[in-house]
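Working notes, structure below.
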Amino acid sequence: MEDENKSELIIGNYIKQANFLTSSVILNISEVQKDALYFIMQNIDYHSKTPTDKIIIDFDKFLSYKKVTKNNFYSIGETLQIMQGMRDIKGSFRNQYTGQFVTFNLIDNVSMNPASPNEFEVKLAEYGVIFLYEKALSEYVEKSKSFLPDYKKQNNSGKGFTQIEKNVVSLNSTPQKKLFEMLSRFKSKGWMRITLFDLKLSLGFITIKLKGTNISAEAEQLGLIFSNEETNDIEKVEKLAVFSDFKRRFLDGAIREINNNPQLDITNLKFTTIKTGNKVTTLHFTFKKKMNKENMSEEELKCYKYFIDFGLTESQIFLVLDRIGYENMYASFNAKIASKKSSYGYKFYDITTNSEIKNLAGFLYEKVFNDYLKD
(Lines give C-alpha, C1' and ligand atoms only; values in the text may rest on other atoms or scores of the structure.)
Protein backbone atom coordinates (compact mmCIF):
# COMPACT_ATOMS: atom_id res chain seq x y z
CA MET A 1 0.00 0.00 0.00
CA GLU A 2 2.67 2.50 -0.94
CA ASP A 3 0.93 4.39 -3.74
CA GLU A 4 0.47 8.08 -3.04
CA ASN A 5 -3.10 9.27 -2.79
CA LYS A 6 -2.95 12.95 -3.69
CA SER A 7 -6.38 14.41 -4.18
CA GLU A 8 -8.44 17.52 -3.76
CA LEU A 9 -10.48 17.89 -0.60
CA ILE A 10 -13.35 15.44 -0.94
CA ILE A 11 -16.64 17.22 -1.51
CA GLY A 12 -19.23 16.17 1.02
CA ASN A 13 -20.59 16.99 4.42
CA TYR A 14 -19.53 13.88 6.30
CA ILE A 15 -16.46 12.17 7.69
CA LYS A 16 -16.63 8.38 7.88
CA GLN A 17 -14.83 6.10 10.31
CA ALA A 18 -15.25 2.54 11.55
CA ASN A 19 -17.50 2.08 14.57
CA PHE A 20 -14.52 0.43 16.25
CA LEU A 21 -12.80 3.83 16.24
CA THR A 22 -15.91 5.72 17.35
CA SER A 23 -16.28 3.46 20.40
CA SER A 24 -12.58 3.37 21.24
CA VAL A 25 -10.70 5.27 23.91
CA ILE A 26 -7.80 7.39 22.67
CA LEU A 27 -5.32 8.86 25.10
CA ASN A 28 -3.76 12.31 25.19
CA ILE A 29 -4.90 13.61 21.81
CA SER A 30 -4.90 17.40 21.62
CA GLU A 31 -7.61 19.44 19.93
CA VAL A 32 -5.35 20.37 17.00
CA GLN A 33 -4.39 16.72 16.53
CA LYS A 34 -8.06 15.71 16.66
CA ASP A 35 -8.85 18.28 13.97
CA ALA A 36 -5.89 17.07 11.90
CA LEU A 37 -7.30 13.55 12.09
CA TYR A 38 -10.70 14.80 10.91
CA PHE A 39 -8.98 16.57 8.04
CA ILE A 40 -7.08 13.43 7.06
CA MET A 41 -10.41 11.57 6.99
CA GLN A 42 -11.85 14.36 4.85
CA ASN A 43 -9.13 13.62 2.27
CA ILE A 44 -9.90 9.90 2.20
CA ASP A 45 -12.48 8.10 0.10
CA TYR A 46 -13.81 5.72 2.74
CA HIS A 47 -15.41 3.49 0.08
CA SER A 48 -12.28 3.24 -2.09
CA LYS A 49 -11.57 -0.24 -3.48
CA THR A 50 -7.83 0.41 -3.18
CA PRO A 51 -6.97 1.53 0.37
CA THR A 52 -3.65 3.31 0.70
CA ASP A 53 -1.55 4.11 3.75
CA LYS A 54 -0.10 7.30 2.24
CA ILE A 55 -2.09 10.55 2.15
CA ILE A 56 -0.98 13.98 0.91
CA ILE A 57 -2.72 16.94 2.56
CA ASP A 58 -2.41 20.66 1.95
CA PHE A 59 -1.61 23.04 4.83
CA ASP A 60 -3.66 25.95 3.43
CA LYS A 61 -6.69 23.68 2.99
CA PHE A 62 -6.29 22.48 6.56
CA LEU A 63 -6.43 26.12 7.73
CA SER A 64 -9.49 26.66 5.55
CA TYR A 65 -11.14 23.57 7.05
CA LYS A 66 -10.53 24.91 10.56
CA LYS A 67 -11.63 28.39 9.41
CA VAL A 68 -8.46 30.06 10.70
CA THR A 69 -5.78 32.15 9.02
CA LYS A 70 -1.99 31.85 9.10
CA ASN A 71 -1.85 34.94 11.34
CA ASN A 72 -3.80 33.28 14.17
CA PHE A 73 -2.57 29.70 13.94
CA TYR A 74 0.63 27.71 14.31
CA SER A 75 3.25 28.00 11.57
CA ILE A 76 3.58 25.16 9.08
CA GLY A 77 6.67 23.91 10.94
CA GLU A 78 4.90 23.98 14.31
CA THR A 79 1.87 22.24 12.80
CA LEU A 80 4.16 19.54 11.41
CA GLN A 81 5.59 18.93 14.90
CA ILE A 82 2.09 18.71 16.38
CA MET A 83 1.05 16.21 13.71
CA GLN A 84 4.24 14.19 14.16
CA GLY A 85 3.20 13.84 17.81
CA MET A 86 0.25 11.77 16.57
CA ARG A 87 2.69 8.88 16.08
CA ASP A 88 2.80 8.44 19.86
CA ILE A 89 -0.95 8.66 20.51
CA LYS A 90 -2.37 5.33 21.64
CA GLY A 91 -5.91 4.02 21.69
CA SER A 92 -7.74 0.86 22.66
CA PHE A 93 -10.97 -0.91 21.72
CA ARG A 94 -12.58 -4.26 22.41
CA ASN A 95 -12.72 -6.58 19.42
CA GLN A 96 -16.20 -8.12 19.75
CA TYR A 97 -15.16 -11.19 17.75
CA THR A 98 -11.97 -12.23 19.51
CA GLY A 99 -13.05 -10.97 22.94
CA GLN A 100 -9.70 -9.21 23.35
CA PHE A 101 -8.88 -5.55 23.78
CA VAL A 102 -6.64 -4.16 21.06
CA THR A 103 -4.19 -1.28 21.45
CA PHE A 104 -3.45 0.75 18.36
CA ASN A 105 -2.04 3.93 16.90
CA LEU A 106 -3.41 5.61 13.79
CA ILE A 107 -0.40 7.40 12.32
CA ASP A 108 3.05 5.96 11.57
CA ASN A 109 4.68 9.16 10.36
CA VAL A 110 4.10 12.71 9.14
CA SER A 111 6.68 14.56 7.06
CA MET A 112 6.93 17.40 4.59
CA ASN A 113 6.14 16.39 1.03
CA PRO A 114 9.48 16.72 -0.84
CA ALA A 115 7.55 17.64 -3.98
CA SER A 116 5.78 20.59 -2.32
CA PRO A 117 6.82 22.70 0.71
CA ASN A 118 3.16 23.42 1.57
CA GLU A 119 2.03 19.81 1.88
CA PHE A 120 2.30 17.08 4.50
CA GLU A 121 2.83 13.43 3.67
CA VAL A 122 0.94 11.27 6.16
CA LYS A 123 1.61 7.56 6.49
CA LEU A 124 -1.21 5.71 8.21
CA ALA A 125 -0.51 2.89 10.66
CA GLU A 126 -2.17 -0.52 10.20
CA TYR A 127 -5.25 0.40 12.24
CA GLY A 128 -5.41 3.81 10.61
CA VAL A 129 -6.07 2.02 7.31
CA ILE A 130 -8.54 -0.40 8.95
CA PHE A 131 -10.55 2.33 10.64
CA LEU A 132 -10.65 4.75 7.69
CA TYR A 133 -11.30 2.41 4.73
CA GLU A 134 -14.37 0.23 4.32
CA LYS A 135 -12.53 -2.48 2.38
CA ALA A 136 -9.73 -2.80 4.96
CA LEU A 137 -12.29 -2.89 7.79
CA SER A 138 -14.25 -5.63 6.03
CA GLU A 139 -11.13 -7.78 5.65
CA TYR A 140 -10.19 -7.23 9.31
CA VAL A 141 -13.68 -8.21 10.48
CA GLU A 142 -13.72 -11.36 8.36
CA LYS A 143 -10.41 -12.48 9.87
CA SER A 144 -11.65 -11.68 13.38
CA LYS A 145 -14.92 -13.57 12.89
CA SER A 146 -13.00 -16.83 12.60
CA PHE A 147 -12.88 -16.71 16.43
CA LEU A 148 -16.69 -16.70 16.74
CA PRO A 149 -18.98 -19.73 16.82
CA ASP A 150 -20.93 -20.05 13.56
CA TYR A 151 -24.27 -19.14 15.13
CA LYS A 152 -22.89 -15.78 16.28
CA LYS A 153 -21.27 -14.85 12.97
CA GLN A 154 -24.62 -14.36 11.29
CA ASN A 155 -25.66 -11.61 13.71
CA ASN A 156 -22.37 -9.72 13.79
CA SER A 157 -21.49 -7.87 10.60
CA GLY A 158 -19.15 -5.43 12.41
CA LYS A 159 -18.53 -3.56 9.17
CA GLY A 160 -20.57 -0.52 10.13
CA PHE A 161 -19.19 2.99 10.16
CA THR A 162 -20.08 6.26 11.83
CA GLN A 163 -20.96 9.22 9.62
CA ILE A 164 -19.88 12.44 11.34
CA GLU A 165 -20.81 15.94 10.22
CA LYS A 166 -17.49 17.45 9.09
CA ASN A 167 -18.17 20.70 10.97
CA VAL A 168 -17.56 18.81 14.22
CA VAL A 169 -14.28 20.73 13.99
CA SER A 170 -16.19 23.85 15.11
CA LEU A 171 -16.82 22.45 18.61
CA ASN A 172 -14.65 23.87 21.37
CA SER A 173 -12.74 20.93 22.84
CA THR A 174 -11.64 17.36 22.22
CA PRO A 175 -14.17 15.93 24.76
CA GLN A 176 -17.03 17.85 23.06
CA LYS A 177 -15.96 16.47 19.68
CA LYS A 178 -15.73 12.92 21.05
CA LEU A 179 -19.22 13.21 22.55
CA PHE A 180 -20.58 14.36 19.19
CA GLU A 181 -18.89 11.39 17.47
CA MET A 182 -20.48 8.97 19.92
CA LEU A 183 -23.93 10.51 19.43
CA SER A 184 -23.46 10.44 15.64
CA ARG A 185 -23.19 6.68 15.75
CA PHE A 186 -26.82 6.53 16.95
CA LYS A 187 -28.37 9.15 14.68
CA SER A 188 -30.69 6.60 13.09
CA LYS A 189 -32.11 5.82 16.56
CA GLY A 190 -32.14 9.31 18.01
CA TRP A 191 -30.96 8.13 21.43
CA MET A 192 -27.89 6.78 23.19
CA ARG A 193 -27.75 5.09 26.58
CA ILE A 194 -24.34 4.77 28.23
CA THR A 195 -23.02 4.25 31.74
CA LEU A 196 -21.54 7.33 33.32
CA PHE A 197 -18.28 5.44 33.81
CA ASP A 198 -17.97 4.50 30.13
CA LEU A 199 -18.89 8.02 29.03
CA LYS A 200 -16.30 9.68 31.26
CA LEU A 201 -13.72 7.08 30.26
CA SER A 202 -14.30 7.73 26.55
CA LEU A 203 -14.16 11.49 27.05
CA GLY A 204 -10.90 11.34 29.00
CA PHE A 205 -12.26 12.19 32.47
CA ILE A 206 -11.21 8.83 33.95
CA THR A 207 -7.87 7.09 33.87
CA ILE A 208 -7.16 3.69 35.42
CA LYS A 209 -3.98 2.36 36.96
CA LEU A 210 -2.74 -0.51 39.07
CA LYS A 211 -1.78 0.38 42.60
CA GLY A 212 1.87 0.13 43.46
CA THR A 213 3.20 -0.56 39.95
CA ASN A 214 5.66 1.24 37.74
CA ILE A 215 3.89 0.53 34.45
CA SER A 216 3.78 3.52 32.11
CA ALA A 217 0.58 5.58 32.18
CA GLU A 218 -0.54 4.51 28.72
CA ALA A 219 0.09 0.83 29.36
CA GLU A 220 -1.87 1.06 32.62
CA GLN A 221 -4.79 2.76 30.97
CA LEU A 222 -5.04 0.68 27.82
CA GLY A 223 -4.40 -2.61 29.58
CA LEU A 224 -7.34 -2.14 31.92
CA ILE A 225 -9.92 -0.12 30.00
CA PHE A 226 -11.97 -3.10 28.91
CA SER A 227 -11.09 -5.46 31.74
CA ASN A 228 -14.05 -7.23 33.36
CA GLU A 229 -11.97 -8.42 36.30
CA GLU A 230 -12.89 -7.24 39.78
CA THR A 231 -9.76 -6.49 41.78
CA ASN A 232 -8.74 -4.22 44.61
CA ASP A 233 -5.50 -3.47 42.74
CA ILE A 234 -7.24 -1.19 40.25
CA GLU A 235 -7.40 2.49 41.10
CA LYS A 236 -9.57 5.02 39.30
CA VAL A 237 -8.26 8.53 38.81
CA GLU A 238 -11.35 10.59 38.06
CA LYS A 239 -11.75 14.25 37.13
CA LEU A 240 -15.00 15.92 38.21
CA ALA A 241 -15.90 12.86 40.29
CA VAL A 242 -19.08 14.46 41.67
CA PHE A 243 -21.78 14.20 39.01
CA SER A 244 -23.10 17.71 39.64
CA ASP A 245 -19.59 19.07 38.94
CA PHE A 246 -19.28 16.99 35.75
CA LYS A 247 -22.70 18.19 34.62
CA ARG A 248 -22.02 21.85 35.42
CA ARG A 249 -18.45 22.10 34.15
CA PHE A 250 -18.68 19.89 31.05
CA LEU A 251 -21.99 18.27 30.14
CA ASP A 252 -24.28 21.31 30.22
CA GLY A 253 -21.85 23.37 28.15
CA ALA A 254 -21.24 20.59 25.61
CA ILE A 255 -24.98 20.07 25.09
CA ARG A 256 -25.51 23.82 24.70
CA GLU A 257 -22.68 24.06 22.14
CA ILE A 258 -24.08 21.16 20.07
CA ASN A 259 -27.66 22.44 20.18
CA ASN A 260 -26.70 26.02 19.29
CA ASN A 261 -24.28 25.14 16.49
CA PRO A 262 -26.08 25.66 13.14
CA GLN A 263 -23.32 23.81 11.26
CA LEU A 264 -24.04 20.45 12.95
CA ASP A 265 -26.71 17.88 12.09
CA ILE A 266 -27.76 17.01 15.66
CA THR A 267 -30.11 19.21 17.66
CA ASN A 268 -32.55 19.13 20.57
CA LEU A 269 -29.99 17.12 22.57
CA LYS A 270 -31.15 16.28 26.11
CA PHE A 271 -30.39 13.68 28.74
CA THR A 272 -31.97 12.02 31.72
CA THR A 273 -30.17 10.24 34.54
CA ILE A 274 -30.65 6.70 35.80
CA LYS A 275 -29.62 6.02 39.38
CA THR A 276 -28.53 3.00 41.34
CA GLY A 277 -29.56 3.91 44.84
CA ASN A 278 -28.72 7.60 45.19
CA LYS A 279 -25.88 7.53 42.68
CA VAL A 280 -26.15 8.47 38.99
CA THR A 281 -24.82 5.47 37.05
CA THR A 282 -26.27 5.81 33.51
CA LEU A 283 -27.21 8.62 31.14
CA HIS A 284 -29.92 8.39 28.48
CA PHE A 285 -29.41 10.94 25.69
CA THR A 286 -32.15 11.85 23.21
CA PHE A 287 -31.72 14.08 20.16
CA LYS A 288 -32.91 14.76 16.64
CA LYS A 289 -31.03 14.64 13.39
CA LYS A 290 -31.20 18.07 11.81
CA MET A 291 -31.84 18.00 8.08
CA ASN A 292 -31.10 21.06 5.99
CA LYS A 293 -29.68 21.79 2.57
CA GLU A 294 -26.28 22.79 3.97
CA ASN A 295 -25.87 19.37 5.61
CA MET A 296 -27.13 17.30 2.69
CA SER A 297 -25.05 14.92 0.66
CA GLU A 298 -25.05 15.27 -3.11
CA GLU A 299 -27.60 12.46 -3.48
CA GLU A 300 -29.83 13.88 -0.74
CA LEU A 301 -29.79 17.26 -2.47
CA LYS A 302 -30.83 15.66 -5.78
CA CYS A 303 -33.69 13.92 -3.98
CA TYR A 304 -34.72 17.18 -2.33
CA LYS A 305 -34.92 18.99 -5.69
CA TYR A 306 -36.76 16.05 -7.25
CA PHE A 307 -39.62 16.12 -4.74
CA ILE A 308 -39.72 19.91 -4.45
CA ASP A 309 -40.63 19.91 -8.16
CA PHE A 310 -43.57 17.59 -7.37
CA GLY A 311 -44.98 20.01 -4.82
CA LEU A 312 -43.89 18.66 -1.43
CA THR A 313 -42.80 21.33 1.03
CA GLU A 314 -39.23 21.60 2.29
CA SER A 315 -40.20 20.51 5.81
CA GLN A 316 -42.05 17.45 4.47
CA ILE A 317 -39.06 16.37 2.40
CA PHE A 318 -36.66 16.87 5.32
CA LEU A 319 -38.90 14.77 7.54
CA VAL A 320 -39.11 11.84 5.12
CA LEU A 321 -35.43 12.04 4.16
CA ASP A 322 -34.49 11.97 7.81
CA ARG A 323 -36.65 8.93 8.52
CA ILE A 324 -36.15 6.68 5.49
CA GLY A 325 -33.35 8.16 3.32
CA TYR A 326 -33.32 9.13 -0.33
CA GLU A 327 -33.12 5.56 -1.72
CA ASN A 328 -36.30 4.53 0.10
CA MET A 329 -38.00 7.75 -0.97
CA TYR A 330 -37.42 6.89 -4.62
CA ALA A 331 -38.42 3.26 -4.03
CA SER A 332 -41.69 4.27 -2.31
CA PHE A 333 -42.49 6.64 -5.17
CA ASN A 334 -41.84 4.02 -7.85
CA ALA A 335 -43.83 1.37 -5.96
CA LYS A 336 -47.02 3.44 -6.06
CA ILE A 337 -46.71 5.80 -9.02
CA ALA A 338 -46.28 5.23 -12.76
CA SER A 339 -45.68 7.98 -15.32
CA LYS A 340 -46.30 8.51 -19.03
CA LYS A 341 -44.89 11.26 -21.17
CA SER A 342 -47.34 13.35 -23.16
CA SER A 343 -47.11 16.44 -25.36
CA TYR A 344 -47.86 18.48 -22.23
CA GLY A 345 -45.24 16.81 -20.06
CA TYR A 346 -45.61 13.82 -17.74
CA LYS A 347 -48.86 12.32 -16.48
CA PHE A 348 -48.81 10.28 -13.28
CA TYR A 349 -50.95 7.25 -12.39
CA ASP A 350 -51.80 5.33 -9.24
CA ILE A 351 -50.32 1.87 -9.88
CA THR A 352 -52.97 0.21 -7.70
CA THR A 353 -56.00 1.66 -9.49
CA ASN A 354 -54.40 2.78 -12.78
CA SER A 355 -56.23 6.10 -12.35
CA GLU A 356 -54.58 9.40 -13.23
CA ILE A 357 -53.26 11.43 -10.30
CA LYS A 358 -54.53 14.98 -10.61
CA ASN A 359 -52.86 16.34 -7.46
CA LEU A 360 -49.41 14.73 -7.26
CA ALA A 361 -48.31 16.58 -4.10
CA GLY A 362 -51.50 15.54 -2.31
CA PHE A 363 -51.09 11.93 -3.45
CA LEU A 364 -47.48 11.86 -2.20
CA TYR A 365 -48.59 13.28 1.12
CA GLU A 366 -51.64 11.06 1.62
CA LYS A 367 -50.67 7.77 -0.08
CA VAL A 368 -46.91 7.47 -0.54
CA PHE A 369 -45.27 9.07 2.51
CA ASN A 370 -48.30 9.29 4.80
CA ASP A 371 -46.82 6.96 7.45
CA TYR A 372 -43.63 9.02 7.69
CA LEU A 373 -45.20 12.49 7.62
CA LYS A 374 -47.16 11.82 10.80
CA ASP A 375 -45.54 13.15 13.96
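Letters for chains follow the order of the C-alpha coordinates (A, B, ...), residue numbers begin at 1 for each chain, and ligand numbers begin at 1 in the order shown.
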Excluding region 243-258 of chain A and any residue of its chain fewer than 6 positions from it, enumerate the residues within 7 Å of it, using only C-alpha atoms, and give them as a PyMOL selection string.
chain A and resi 176+267+269
So that each row is one residue of region 323-366 of chain A with an atom at most 12 Å from region 180-201 of chain A, can you give its shortest atom pair and the distance in Å to one decimal, using only C-alpha atoms, rows by chain and rising number, as JSON lines?
```
{"residue": "A:Arg323", "atom": "CA", "partner": "A:Ser188", "partner_atom": "CA", "distance": 7.9}
{"residue": "A:Ile324", "atom": "CA", "partner": "A:Ser188", "partner_atom": "CA", "distance": 9.4}
{"residue": "A:Gly325", "atom": "CA", "partner": "A:Ser188", "partner_atom": "CA", "distance": 10.2}
```
Would you put the residues from that selection into a file with N, CA and C atoms, as a PDB file, in the first residue's frame?
```pdb
ATOM      1  N   ARG A 323     -36.130  10.182   7.987  1.00  0.00           N
ATOM      2  CA  ARG A 323     -36.646   8.926   8.522  1.00  0.00           C
ATOM      3  C   ARG A 323     -36.322   7.716   7.656  1.00  0.00           C
ATOM      4  N   ILE A 324     -36.337   7.878   6.330  1.00  0.00           N
ATOM      5  CA  ILE A 324     -36.146   6.681   5.488  1.00  0.00           C
ATOM      6  C   ILE A 324     -35.009   6.798   4.482  1.00  0.00           C
ATOM      7  N   GLY A 325     -34.449   8.011   4.264  1.00  0.00           N
ATOM      8  CA  GLY A 325     -33.346   8.157   3.320  1.00  0.00           C
ATOM      9  C   GLY A 325     -33.812   8.287   1.882  1.00  0.00           C
TER      10      GLY A 325
END
```
Just want the 9 Å neighbourhood of region 333-344 of chain A, counted on only C-alpha atoms, with same-chain residues fewer than 3 positions away dropped. Output as a ChimeraX atom specification.
/A:328-330,347-352,354,357,364,367-369
File dump, residues just selected, N, CA and C atoms, as a short mmCIF file (atom, residue, chain, number, x, y, z; two decimals), in the first residue's frame:
```cif
data_model
loop_
_atom_site.label_atom_id
_atom_site.label_comp_id
_atom_site.auth_asym_id
_atom_site.auth_seq_id
_atom_site.Cartn_x
_atom_site.Cartn_y
_atom_site.Cartn_z
N ASN A 328 -34.96 5.01 -0.22
CA ASN A 328 -36.30 4.53 0.10
C ASN A 328 -37.39 5.50 -0.36
N MET A 329 -37.04 6.78 -0.43
CA MET A 329 -38.00 7.75 -0.97
C MET A 329 -38.29 7.45 -2.44
N TYR A 330 -37.23 7.23 -3.21
CA TYR A 330 -37.42 6.89 -4.62
C TYR A 330 -38.17 5.56 -4.76
N LYS A 347 -47.65 12.63 -17.23
CA LYS A 347 -48.86 12.32 -16.48
C LYS A 347 -48.52 11.19 -15.50
N PHE A 348 -49.11 11.25 -14.31
CA PHE A 348 -48.81 10.28 -13.28
C PHE A 348 -50.05 9.47 -12.94
N TYR A 349 -49.83 8.17 -12.62
CA TYR A 349 -50.95 7.25 -12.39
C TYR A 349 -50.72 6.46 -11.10
N ASP A 350 -51.81 6.20 -10.41
CA ASP A 350 -51.80 5.33 -9.24
C ASP A 350 -51.67 3.89 -9.74
N ILE A 351 -50.57 3.23 -9.39
CA ILE A 351 -50.32 1.87 -9.88
C ILE A 351 -51.41 0.91 -9.43
N THR A 352 -51.95 1.13 -8.23
CA THR A 352 -52.97 0.21 -7.70
C THR A 352 -54.27 0.27 -8.48
N ASN A 354 -54.66 2.35 -11.40
CA ASN A 354 -54.40 2.78 -12.78
C ASN A 354 -55.13 4.08 -13.12
N ILE A 357 -53.40 10.63 -11.53
CA ILE A 357 -53.26 11.43 -10.30
C ILE A 357 -53.32 12.90 -10.70
N LEU A 364 -48.71 12.18 -2.92
CA LEU A 364 -47.48 11.86 -2.20
C LEU A 364 -47.68 11.99 -0.70
N LYS A 367 -50.75 9.19 0.29
CA LYS A 367 -50.67 7.77 -0.08
C LYS A 367 -49.25 7.19 -0.04
N VAL A 368 -48.27 8.01 -0.40
CA VAL A 368 -46.91 7.47 -0.54
C VAL A 368 -46.12 7.60 0.76
N PHE A 369 -46.09 8.82 1.32
CA PHE A 369 -45.27 9.07 2.51
C PHE A 369 -46.12 9.33 3.75
#
```
If we count only C-alpha atoms and set the cut-off at 8 Å, which residues sit around Lys145 (chain A), ignoring sequence neighbours fewer than 3 positions away in its own chain? Please answer as a count of residues only.
6
Near Ala36 (chain A), within 10 Å and counting only C-alpha atoms, which residues show up once chain neighbours fewer than 6 positions away are dropped, as a PyMOL selection string?
chain A and resi 30+42+57+62-63+65-66+79+82-83+86+169
